[in-house]
Amino acid sequence: MNHGQRFTAEKIGKRLALIRPLIHRARADLPPFRLEVLEACDAPVGSGDDRGEIAWNSYWAGQDTHFVLRTSATVPEHFAHPALHLPMGVAGDIFTHPEALVRLDGEILGSADRYHHSLPLDPSLADGAVRELRLCGWTGLAGWPPDPADPVRLLIRPCAVVDIDRRLQAFVALADVALDVAQTTDNADTGVRLLDALDAAFLVLDTRDPLGDALRATVPDAMTRLSEGIAAAGAPLDTRLHAIGHAHMDIAYLWPISQIRQKSARTTSNVLRLMDRHADFLFSHSQPQLYSWLETDFPDLFARVAERVAEGRWEVMGGMWVEPDCNMPGAEALVRQILLGRSYFRESFGDVETPVLWLPDTFGFPWSLPQLMAQSGLTSFVTNKLNWNQTNRMPSSTTWWQGIDGTRVLAHFLTTPREVQHLPFPTNYKSDLSAAEVIGTWTNATTEGRIRDLPIAYGYGNGGGGPTEELIEKAKAFEAMPGAPRVAFATVRAAMETIRADAENLPIWNGEFYLEGHRGVLTSQGWIKRANRRAEALLHATEAALVTAHPGGVGADVRAELTDLWRMLCTNQFHDVLTGTSIGAVFEDARRDFAAITSRATALRDAALTQLFPSGDDAVFFNPAPVMTAGPALLPDGKDGQGVEGGTLLWVDLPAYGGGGPSCPADAVRLDRGDAIILQNGQIECRFSLEGQLESVTDKRTGRELLAPGEDGNQLWAFEDRPVSWDAWDIDPFFEDRAERIGPPESVEVAETGPLRAAIHLTWRWRNSRIVQHVRLAAGSPRLDFVTEVDWHEQHTLFKVAFPVDVLSPRATYEIQWGEIERPTHRNTSWDAARFEVPAQRWAELGEGGFGVALLNDCKHGYDIHGNVMRLSLIKSATSPDPQADQGRHVLTYAVMAHSGDLYRVRDEARRLGHPPIAIPGRQPGGVRPLVSCVSTNVVLETLKPAEDGDGFILRLYEAGRRRGPVTISFSQTMEEVHRCDLLERDGERVRHACRECTLNLAPFEIVSLRCRPVRA
């Protein structure tokens, strides 16, 4: 049969559209809803504005409306398969809105949204009784990007109790999939045979007017004919897709956290409802923070989830507290994401969590991540985002990922295709199970046939939603569909274990997983980058102080407080919060959270520090840095020492994690003003023109000039920044098309002349903004610090600082968590050219043999080093999704320094910049010896924290110089036991120790966690 000539596919499509409404065998319209508009999503029902009844087929609400809809519902006694049909309208965004939690007589039924229009009811409700129906929800935002001025209104269609014709529903579902495959498959013979089957089935189905009983009577025979025809049409492809029911949930994004707490309940209720109806349906859900909120807000739903987890039908997985950004959180914060997440799951559900790091939507992954996974029992890694590369495709969709220390984990990039704006090979984690996506999941894989089992995550997401009845029926139809992969309900665990069995000969990717896109997230919403870095530093200092004061362990109340603070911080490291890619309301919440972290952690820290020093009349200092500090420290409101803004400077010489009083200065700084302004100490000399341009920086130890011949340093540049697609997310390759160097400052003032610190103040006015820099050189320091305050009122402008340096190297080195990475300074290949803006932690360095220049920062992450020009991104100023992003005050510090070939000096200075000594007034002078120490310059004692169970303390360190061999750890107290432990603080092998020392054999970039139990007095 010539199906093209006969328009068979088009005919079947029309027939399906004709019969689909008849799935509702009967209907009983609901009385009109009464509308209440609430002030916020968590406002009490009954506290809002009563808008009265809304008529069917009327426009009832606009965007961003929190609503309650009330009416009554009666299920007729003759309805065999009753359901609520609730078409509330379409808001115009790209998610599931409008959405509402549906309650019948107060009991949660599920969620109604754009894709969940029909909610099946228990047949026992078909008793003719009148029940209260209440929908509580949100209409969402309008458009993409969201437009607050969009006047779009929701049109509500008649809502009803309907009786579902299950046989017709199943026939339509199977026919839909068969037609979709017939029109998608590359196998012409299979396509013809599927159309043959469909044509034969619809000749059996009586679609003559009047549609009704005659049609329904022929459905069983039509279903038999269709099933037999499909079976005869050929075999499925020789591959299997593991269908993973999922609902990607952004903790905050185009909605605040208060809204996702409601969304979580809506999605959960739908999943539980589907599990009640479909015994083979499985669901996989990540992010312990969501479970914790559900446990607090909806304990009954949480209890039902726990039951399904125990049955093995609800898979808990994810590996981290939330799905965070992975480039900007600090080293210990990444550990805490894992520790908090895995511990919560174990305490809530037992040892059932799937050992996978599931980060489908995170914007790049550091080279150290495999080691963190291995040390916490995570064996597999799954993401989607690397398929959003703008230029280069990852060579193998399943690969072994080798970390910085040599650890290997199995990594998979989801392969389900979906068109996304201008991207060349995008994929998705929320499949609609169309034939194009099901078949494409296989054809899009780049493992050259070595892997024939692949995961396909299906279910509506970003703001939740999850699978639907229709998606479950589609998955069943694909169980043995000719021309398509076999589809089976599965879990992430099953998918990755199956892949692992065939993974021996997969290629190895040795390096970071850099995302060629979303480079602007390293800079957007600059305030939150600073707040995060400061909060991490404060918690680091707090825990170090607590351990120093209480090495045997801290009480349960303190441990609970620390856990709560870390949870709050880790939640705000979510991949749309710390990245600066959410609406303004999200950042209002984040500011409150960071203020709470600051207040509460400071109280803990100060209480611990006052226990270390007896009361008195003097000031002492505590050094929270993991490196010794010798130089000026600020005493707020002090009287002795060098007077500066905010207090006085006193010289301190403090060991890492130790304390003491002021001491005699070992160096001095001076400032001379003649035909230039010269700042110098024993290590460097810096020359500024009288117009404020940095003309020279000389390293006195080597005699080398840092700046390139004929160039000046501290160049401020502004670039027009209008990305093609995602404003707050992207810096596109053409950003340098329109560049403007901001001219010399309008004023130059000498502010401090020594002897402990010298400084000049520079002020620029550029367009609508004001830039003030306090350029400081401290005695004893190799750093020239640029303490910068900006009152920014530009938009679509990328603000960078540049230092052209006198160094020639094809590669630059950048700090990442738990190590460092080299990247090219040239653009020889497309892979090199794509790395024109890259992430780093506290520093980047460009070096030759025996000499190098480093650019440090206290709260920035976006670097670019091309040739000999080192640049750091300071402000981005996008307008979407937050029109006020980056407007107003910015405070930041960057610094430049030279080194003589050993990066440990750079590592140390970066930590001194981020962890200045803490002044403790009203104490007696005296020293506090550090509890732990190490003289090896290639070892960083990164973390000193109380043990989670109160038994001793945890020392976490790493090898930072790519050296192998023994190192000695010294203790100031006698240890009863020292054990290696994993990141979940489970004890491993006992470490031999004697004379308050232990020796560890370290491999390059190895992370070691030690549980230390002091001898109790």
# chains A, B, ... in the order shown; residues from 1 in each chain; ligands from 1
>>> residues_around(residues="stretch 162-166 of chain A", least_positions_apart="5", cutoff="6 Å", atoms="only C-alpha atoms", output="PDB file with C-alpha atoms, in the first residue's frame")
ATOM      1  CA  ILE A  23     -11.882   8.938  26.504  1.00  0.00           C
ATOM      2  CA  HIS A  24     -14.170  10.847  28.837  1.00  0.00           C
ATOM      3  CA  ARG A  25     -17.141   8.503  28.635  1.00  0.00           C
ATOM      4  CA  ALA A  26     -19.335  10.827  30.683  1.00  0.00           C
ATOM      5  CA  ARG A  27     -18.979  14.026  32.646  1.00  0.00           C
ATOM      6  CA  PHE A  79     -19.082   6.252  37.102  1.00  0.00           C
ATOM      7  CA  HIS A  81     -13.474   5.066  36.538  1.00  0.00           C
ATOM      8  CA  PRO A  82     -14.035   8.575  37.879  1.00  0.00           C
ATOM      9  CA  ALA A  83     -11.519  11.383  37.627  1.00  0.00           C
TER      10      ALA A  83
END
>>> residues_around(residues="A:Ile677", least_positions_apart="3", cutoff="8 Å", atoms="only C-alpha atoms", output="ChimeraX atom specification")
/A:671-674,687-690
>>> residues_around(residues="A:Asn572", least_positions_apart="5", cutoff="10 Å", atoms="only C-alpha atoms", output="list in words")
Ile251, Ala252, Ile257, Val322, Pro324, Asp325, Ile528, Asn532, Trp566, Arg567, Val577, Leu578, Thr579, Val586, Phe587, Asp589, Ala590, Arg591, Asp593 and Phe594 of chain A
>>> select_by_dssp(residues="stretch 295-526 of chain A", states="strand (DSSP E or B)", output="PyMOL selection string")
chain A and resi 314-318+324+354-358+365+380-383+398-402+408-413+417+427+431+453-458+460+462-463+466+485-489+508-510+513
>>> closest_residue(among="A:Ala531, A:Ala1003, A:Leu125, A:Ala919", to="A:Ala633", atoms="only C-alpha atoms")
A:Ala919
>>> closest_residue(among="A:Ile821, A:Leu1000, A:Ile244, A:Leu784", to="A:Gly403", atoms="only C-alpha atoms")
A:Ile821
>>> select_by_dssp(residues="stretch 543-615 of chain A", states="helix (DSSP H, G or I)", output="mmCIF file with C-alpha atoms, in the first residue's frame")
data_model
loop_
_atom_site.group_PDB
_atom_site.id
_atom_site.type_symbol
_atom_site.label_atom_id
_atom_site.label_comp_id
_atom_site.auth_asym_id
_atom_site.auth_seq_id
_atom_site.Cartn_x
_atom_site.Cartn_y
_atom_site.Cartn_z
ATOM 1 C CA GLU A 543 34.880 25.281 63.430
ATOM 2 C CA ALA A 544 38.620 25.777 63.850
ATOM 3 C CA ALA A 545 38.008 27.828 66.991
ATOM 4 C CA LEU A 546 35.586 25.230 68.374
ATOM 5 C CA VAL A 547 38.046 22.385 67.799
ATOM 6 C CA THR A 548 40.887 24.360 69.349
ATOM 7 C CA ALA A 549 38.729 25.048 72.404
ATOM 8 C CA ALA A 556 24.924 18.130 70.543
ATOM 9 C CA ASP A 557 23.461 21.651 70.585
ATOM 10 C CA VAL A 558 26.548 23.127 68.934
ATOM 11 C CA ARG A 559 26.688 20.321 66.390
ATOM 12 C CA ALA A 560 23.025 20.861 65.531
ATOM 13 C CA GLU A 561 23.629 24.576 65.097
ATOM 14 C CA LEU A 562 26.605 23.948 62.798
ATOM 15 C CA THR A 563 24.575 21.483 60.745
ATOM 16 C CA ASP A 564 21.780 24.006 60.357
ATOM 17 C CA LEU A 565 24.193 26.748 59.275
ATOM 18 C CA TRP A 566 25.934 24.491 56.751
ATOM 19 C CA ARG A 567 22.588 23.371 55.386
ATOM 20 C CA MET A 568 21.555 26.983 54.929
ATOM 21 C CA LEU A 569 24.803 27.796 53.139
ATOM 22 C CA CYS A 570 24.696 24.701 50.942
ATOM 23 C CA THR A 571 21.094 25.418 49.946
ATOM 24 C CA GLY A 584 15.064 39.157 42.474
ATOM 25 C CA ALA A 585 12.859 37.605 45.161
ATOM 26 C CA VAL A 586 15.260 34.664 45.420
ATOM 27 C CA PHE A 587 18.113 36.989 46.306
ATOM 28 C CA GLU A 588 16.049 38.834 48.894
ATOM 29 C CA ASP A 589 15.679 35.493 50.661
ATOM 30 C CA ALA A 590 19.371 34.722 50.172
ATOM 31 C CA ARG A 591 20.418 38.002 51.772
ATOM 32 C CA ARG A 592 18.394 37.115 54.853
ATOM 33 C CA ASP A 593 19.974 33.663 54.958
ATOM 34 C CA PHE A 594 23.519 34.987 54.705
ATOM 35 C CA ALA A 595 22.783 37.565 57.412
ATOM 36 C CA ALA A 596 21.554 34.753 59.659
ATOM 37 C CA ILE A 597 24.641 32.654 58.937
ATOM 38 C CA THR A 598 26.868 35.606 59.769
ATOM 39 C CA SER A 599 25.114 36.420 63.029
ATOM 40 C CA ARG A 600 24.795 32.880 64.332
ATOM 41 C CA ALA A 601 28.223 31.628 63.243
ATOM 42 C CA THR A 602 29.921 34.714 64.670
ATOM 43 C CA ALA A 603 28.278 34.030 68.024
ATOM 44 C CA LEU A 604 29.570 30.454 68.008
ATOM 45 C CA ARG A 605 33.043 31.535 66.946
ATOM 46 C CA ASP A 606 33.370 34.320 69.491
ATOM 47 C CA ALA A 607 32.149 32.095 72.312
ATOM 48 C CA ALA A 608 34.851 29.560 71.444
ATOM 49 C CA LEU A 609 37.581 32.178 71.109
ATOM 50 C CA THR A 610 36.852 33.768 74.477
ATOM 51 C CA GLN A 611 37.356 30.350 76.055
ATOM 52 C CA LEU A 612 40.871 30.203 74.620
#
